[in-house]
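Please read the structure below before turning to the comments.
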Amino acid sequence: MLDTDFFRRWMTAAAAFVDREADRLTALDSPIGDADHGSNLQRGFTAVRAALEKEAPDTPGAVLTLAGRLLISTVGGASGPLYGTLLRRTGKALGEEAEVSEEQLAQALRAGVEGVKTLGGAVPGDKTMVDALVPAVDALGDGFAAARAAAEQGAEATTPLQARKGRASYLGERSIGHQDPGATSSALLIAALAEAAAG
Ligand code: ADP
Ligand code: MG
Ligand code: MG
């Protein structure tokens, strides 16, 4: 079973990965965006880390809804509301239980990803975070490491795609040949989940 501390570790690991990869995320957002994705997420996860220390939410669902709320209020851009929705929806789906199973987390995350798709209107293949999140959720039944690998593959597979959503879509065919920054950060979020599962 996955307890509240597992979810705190997930968010803390996500904050650490975003810190480590912020420059790369911003560099990816430079040719097909406005070069702010790394700094946007760094601001958001820094706020999440601080709030988790201060507020000490006491259920898995409360950790994720708190994180989602903070991402919405601090990240800005397209990705703030989308990541905020992902975590809030996932947290809400986990309910108020003190511990949840991997199966419950997989189902809740699926609900969260559905929330992202509804809010942003993107489907797989549109060159967005959805291209990493959907394969990750599909692979989660095979374990956290499988989900991590699927998300990384999904992010890499955005390179040859033409963007159909978000800022990158304004570039039309010129968006081809660049890895999507949001798919890349989604792969980091799933890598952080695998990290939390590893201890
Ligand atoms: P902004 O483009 O507003 O500067 P960010 O740079 O923080 O926001 O985030 C950009 C990322 O957000 C993109 O790489 C993409 O993955 C994701 N994104 C943008 N629009 C959408 C959408 N409609 N649906 C899903 N993801 C989206
Ligand atoms: Mg941007
Ligand atoms: Mg921006």
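Within each chain, counting starts at residue 1; across the structure tokens, chains are named A, B, ... in the order shown, with ligands numbered 1 upward in that order.
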- Message: Around ligand 1, out to 8 Å and counting only C-alpha atoms and all ligand atoms, which residues are there? I want them as a ChimeraX atom specification.
- Response: /A:26,29,33-38,40-41,75-80,82,116-117,119-123,127-130,165-168,180-184
Those same residues, written as a CSV table (one decimal), in the first residue's frame with N, CA and C atoms?
```csv
chain,number,residue,atom,x,y,z
A,26,THR,N,13.6,24.6,-20.2
A,26,THR,CA,13.6,25.9,-20.8
A,26,THR,C,14.2,25.9,-22.1
A,29,ASP,N,11.9,24.6,-24.6
A,29,ASP,CA,10.7,25.5,-24.8
A,29,ASP,C,11.2,26.7,-25.6
A,33,GLY,N,8.6,27.4,-28.3
A,33,GLY,CA,7.8,28.1,-27.3
A,33,GLY,C,8.3,29.4,-26.9
A,34,ASP,N,8.2,29.8,-25.6
A,34,ASP,CA,8.7,31.1,-25.2
A,34,ASP,C,9.7,31.0,-24.1
A,35,ALA,N,10.4,29.8,-24.0
A,35,ALA,CA,11.6,29.6,-23.2
A,35,ALA,C,11.3,29.9,-21.7
A,36,ASP,N,10.2,29.4,-21.2
A,36,ASP,CA,9.9,29.6,-19.8
A,36,ASP,C,9.4,28.3,-19.0
A,37,HIS,N,9.4,27.2,-19.7
A,37,HIS,CA,8.8,26.0,-19.1
A,37,HIS,C,9.6,25.6,-17.9
A,38,GLY,N,10.9,25.6,-17.9
A,38,GLY,CA,11.7,25.2,-16.7
A,38,GLY,C,11.5,26.1,-15.6
A,40,ASN,N,8.9,28.2,-15.1
A,40,ASN,CA,7.6,28.0,-14.7
A,40,ASN,C,7.4,26.9,-13.7
A,41,LEU,N,7.9,25.7,-14.0
A,41,LEU,CA,7.7,24.6,-13.2
A,41,LEU,C,8.6,24.6,-11.9
A,75,VAL,N,2.4,28.5,-11.2
A,75,VAL,CA,3.1,28.1,-12.5
A,75,VAL,C,2.8,29.1,-13.6
A,76,GLY,N,1.5,29.4,-13.8
A,76,GLY,CA,1.1,30.2,-14.9
A,76,GLY,C,1.2,29.4,-16.2
A,77,GLY,N,1.1,30.2,-17.3
A,77,GLY,CA,1.3,29.6,-18.7
A,77,GLY,C,0.2,28.5,-18.9
A,78,ALA,N,0.4,27.7,-20.0
A,78,ALA,CA,-0.5,26.7,-20.3
A,78,ALA,C,-0.3,25.5,-19.3
A,79,SER,N,0.9,25.3,-18.9
A,79,SER,CA,1.2,24.1,-18.1
A,79,SER,C,0.7,24.1,-16.7
A,80,GLY,N,0.6,25.3,-16.1
A,80,GLY,CA,0.1,25.4,-14.7
A,80,GLY,C,-1.2,24.9,-14.5
A,82,LEU,N,-2.9,22.9,-16.4
A,82,LEU,CA,-2.9,21.5,-16.8
A,82,LEU,C,-2.3,20.6,-15.8
A,116,VAL,N,-6.8,16.5,-17.8
A,116,VAL,CA,-5.9,17.2,-18.7
A,116,VAL,C,-6.4,17.3,-20.1
A,117,LYS,N,-6.8,16.1,-20.6
A,117,LYS,CA,-7.3,16.0,-22.0
A,117,LYS,C,-8.6,16.9,-22.1
A,119,LEU,N,-9.5,19.6,-20.3
A,119,LEU,CA,-9.1,21.0,-20.2
A,119,LEU,C,-8.4,21.5,-21.4
A,120,GLY,N,-7.4,20.8,-21.9
A,120,GLY,CA,-6.6,21.3,-22.9
A,120,GLY,C,-7.0,20.9,-24.3
A,121,GLY,N,-7.9,19.9,-24.4
A,121,GLY,CA,-8.4,19.4,-25.7
A,121,GLY,C,-7.4,18.6,-26.5
A,122,ALA,N,-6.3,18.2,-25.9
A,122,ALA,CA,-5.3,17.5,-26.7
A,122,ALA,C,-5.5,16.0,-26.6
A,123,VAL,N,-5.2,15.3,-27.7
A,123,VAL,CA,-5.3,13.9,-27.7
A,123,VAL,C,-3.8,13.4,-28.0
A,127,LYS,N,1.5,16.3,-29.8
A,127,LYS,CA,2.8,16.9,-29.3
A,127,LYS,C,2.6,17.7,-28.0
A,128,THR,N,2.1,17.1,-27.0
A,128,THR,CA,1.9,17.8,-25.7
A,128,THR,C,2.3,16.8,-24.6
A,129,MET,N,2.1,17.2,-23.4
A,129,MET,CA,2.3,16.4,-22.2
A,129,MET,C,1.4,15.1,-22.2
A,130,VAL,N,0.3,15.2,-22.9
A,130,VAL,CA,-0.5,14.0,-23.0
A,130,VAL,C,0.2,12.8,-23.7
A,165,LYS,N,-1.5,21.6,-30.5
A,165,LYS,CA,-2.0,22.4,-29.3
A,165,LYS,C,-0.9,23.2,-28.7
A,166,GLY,N,-1.3,24.3,-28.0
A,166,GLY,CA,-0.4,25.1,-27.3
A,166,GLY,C,0.4,26.0,-28.2
A,167,ARG,N,1.3,26.8,-27.7
A,167,ARG,CA,2.2,27.7,-28.4
A,167,ARG,C,2.9,27.1,-29.6
A,168,ALA,N,3.4,25.9,-29.4
A,168,ALA,CA,4.2,25.3,-30.5
A,168,ALA,C,3.4,25.1,-31.7
A,180,ASP,N,8.9,17.9,-27.3
A,180,ASP,CA,8.0,18.8,-26.6
A,180,ASP,C,8.4,19.0,-25.1
A,181,PRO,N,8.5,20.2,-24.6
A,181,PRO,CA,9.0,20.5,-23.2
A,181,PRO,C,8.0,19.9,-22.2
A,182,GLY,N,6.7,20.0,-22.5
A,182,GLY,CA,5.7,19.5,-21.5
A,182,GLY,C,5.7,18.0,-21.4
A,183,ALA,N,5.9,17.3,-22.5
A,183,ALA,CA,6.0,15.9,-22.5
A,183,ALA,C,7.2,15.5,-21.7
A,184,THR,N,8.3,16.3,-21.9
A,184,THR,CA,9.5,16.0,-21.2
A,184,THR,C,9.4,16.2,-19.7
```
Shell of 12 Å around stretch 89-96 of chain A, only C-alpha atoms, local chain residues under 2 positions omitted, as a JSON list (two decimals) with C-alpha atoms, in the first residue's frame:
```
[["chain", "number", "residue", "atom", "x", "y", "z"],
["A", 2, "LEU", "CA", 1.03, 3.58, -0.66],
["A", 3, "ASP", "CA", 0.84, 5.93, 2.32],
["A", 4, "THR", "CA", 0.92, 9.70, 2.69],
["A", 7, "PHE", "CA", 3.05, 10.86, -2.00],
["A", 57, "PRO", "CA", -1.42, 17.14, 4.64],
["A", 58, "ASP", "CA", -2.34, 13.81, 6.18],
["A", 59, "THR", "CA", -3.72, 11.70, 3.33],
["A", 60, "PRO", "CA", -2.42, 10.79, -0.16],
["A", 61, "GLY", "CA", -5.34, 12.66, -1.70],
["A", 62, "ALA", "CA", -4.64, 15.78, 0.35],
["A", 63, "VAL", "CA", -0.96, 15.82, -0.71],
["A", 64, "LEU", "CA", -1.92, 15.81, -4.38],
["A", 65, "THR", "CA", -4.79, 18.29, -4.14],
["A", 66, "LEU", "CA", -2.55, 20.71, -2.23],
["A", 67, "ALA", "CA", 0.19, 20.31, -4.85],
["A", 68, "GLY", "CA", -2.30, 20.79, -7.68],
["A", 69, "ARG", "CA", -3.75, 23.92, -6.12],
["A", 81, "PRO", "CA", -3.60, 24.81, -15.01],
["A", 82, "LEU", "CA", -2.93, 21.51, -16.82],
["A", 83, "TYR", "CA", -0.53, 20.09, -14.20],
["A", 84, "GLY", "CA", -2.71, 21.55, -11.46],
["A", 85, "THR", "CA", -5.72, 19.76, -12.88],
["A", 86, "LEU", "CA", -3.74, 16.54, -13.23],
["A", 87, "LEU", "CA", -2.78, 16.48, -9.56],
["A", 98, "ALA", "CA", -4.86, 6.97, 4.62],
["A", 99, "GLU", "CA", -3.34, 4.39, 2.25],
["A", 100, "VAL", "CA", -4.13, 3.48, -1.34],
["A", 101, "SER", "CA", -3.20, 0.54, -3.55],
["A", 102, "GLU", "CA", -1.14, 0.79, -6.74],
["A", 103, "GLU", "CA", -4.31, -0.13, -8.58],
["A", 104, "GLN", "CA", -6.19, 2.78, -6.98],
["A", 105, "LEU", "CA", -3.36, 5.13, -7.89],
["A", 106, "ALA", "CA", -3.39, 3.90, -11.50],
["A", 107, "GLN", "CA", -7.14, 4.52, -11.73],
["A", 108, "ALA", "CA", -6.89, 7.92, -10.06],
["A", 109, "LEU", "CA", -4.06, 8.98, -12.36],
["A", 110, "ARG", "CA", -6.16, 7.92, -15.31],
["A", 111, "ALA", "CA", -8.89, 10.26, -14.08],
["A", 112, "GLY", "CA", -6.28, 13.01, -13.73],
["A", 113, "VAL", "CA", -5.05, 12.52, -17.28],
["A", 114, "GLU", "CA", -8.65, 12.60, -18.51],
["A", 115, "GLY", "CA", -8.94, 15.98, -16.76],
["A", 116, "VAL", "CA", -5.87, 17.23, -18.66],
["A", 117, "LYS", "CA", -7.32, 16.05, -21.96],
["A", 118, "THR", "CA", -10.66, 17.69, -21.27],
["A", 119, "LEU", "CA", -9.14, 21.00, -20.15],
["A", 137, "VAL", "CA", -0.87, 5.49, -17.17]]
```
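Relative to atom CA of A:Leu71, atom CA of A:Ala47 is found at 7.9 Å.
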- Compile the contact shell of A:Leu161 as a PyMOL selection string: residues with an atom at most 9 Å away, counting only C-alpha atoms, same-chain residues fewer than 4 positions apart removed. chain A and resi 125-127+157+173+175-179
Give me a file of those residues, with C-alpha atoms, as a short mmCIF file (atom, residue, chain, number, x, y, z; two decimals), in the first residue's frame.
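Below you can see out37.cif, which holds the result:
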```cif
data_model
loop_
_atom_site.label_atom_id
_atom_site.label_comp_id
_atom_site.auth_asym_id
_atom_site.auth_seq_id
_atom_site.Cartn_x
_atom_site.Cartn_y
_atom_site.Cartn_z
CA GLY A 125 -0.14 12.66 -31.12
CA ASP A 126 -0.76 16.41 -30.67
CA LYS A 127 2.78 16.86 -29.30
CA ALA A 157 8.39 10.21 -29.65
CA GLU A 173 5.48 22.43 -39.65
CA SER A 175 7.46 22.56 -34.73
CA ILE A 176 8.64 19.26 -36.25
CA GLY A 177 12.05 18.02 -35.08
CA HIS A 178 11.92 19.31 -31.49
CA GLN A 179 10.99 17.35 -28.36
#
```
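Comparing A:Gln42, A:Ser30, A:Gln153, A:Ser169 by their smallest distance to ligand 2, the closest is A:Ser30 (using only C-alpha atoms and all ligand atoms).
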- Task: Write out as a list in words all residues of chain A that backbone DSSP assigns to strand (DSSP E).
- Result: Leu2, Asp3, Glu99 and Val100 of chain A
- Just the helix (DSSP H, G or I) stuff from stretch 50-186 of chain A, please, per backbone DSSP, written as JSON, numbers by chain. {"A": [50, 51, 52, 53, 54, 55, 60, 61, 62, 63, 64, 65, 66, 67, 68, 69, 70, 71, 72, 73, 74, 79, 80, 81, 82, 83, 84, 85, 86, 87, 88, 89, 90, 91, 92, 93, 94, 102, 103, 104, 105, 106, 107, 108, 109, 110, 111, 112, 113, 114, 115, 116, 117, 118, 119, 120, 130, 131, 132, 133, 134, 135, 136, 137, 138, 139, 140, 141, 142, 144, 145, 146, 147, 148, 149, 150, 151, 152, 153, 154, 155, 156, 167, 168, 169, 170, 171, 172, 173, 174, 175, 181, 182, 183, 184, 185, 186]}
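Counting from atom CA of A:Thr12, the distance to atom 1 (Mg, counted along the ligand's line) of ligand 2 is 22.9 Å.
The coordinates place atom CA of A:Ala196 at 7.0 Å from atom CA of A:Ala13.
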- Message: Applying 8 Å and only C-alpha atoms, which residues near A:Glu152 remain after dropping the ones on its own chain fewer than 4 positions away? List them as a list in words.
- Response: Ala132, Arg148, Glu156, Thr184 and Ala187 of chain A
- What's the 10 Å shell around A:Ala139, counting only C-alpha atoms, without same-chain residues fewer than 4 positions away, as a PyMOL selection string? chain A and resi 106+133-135+143-151
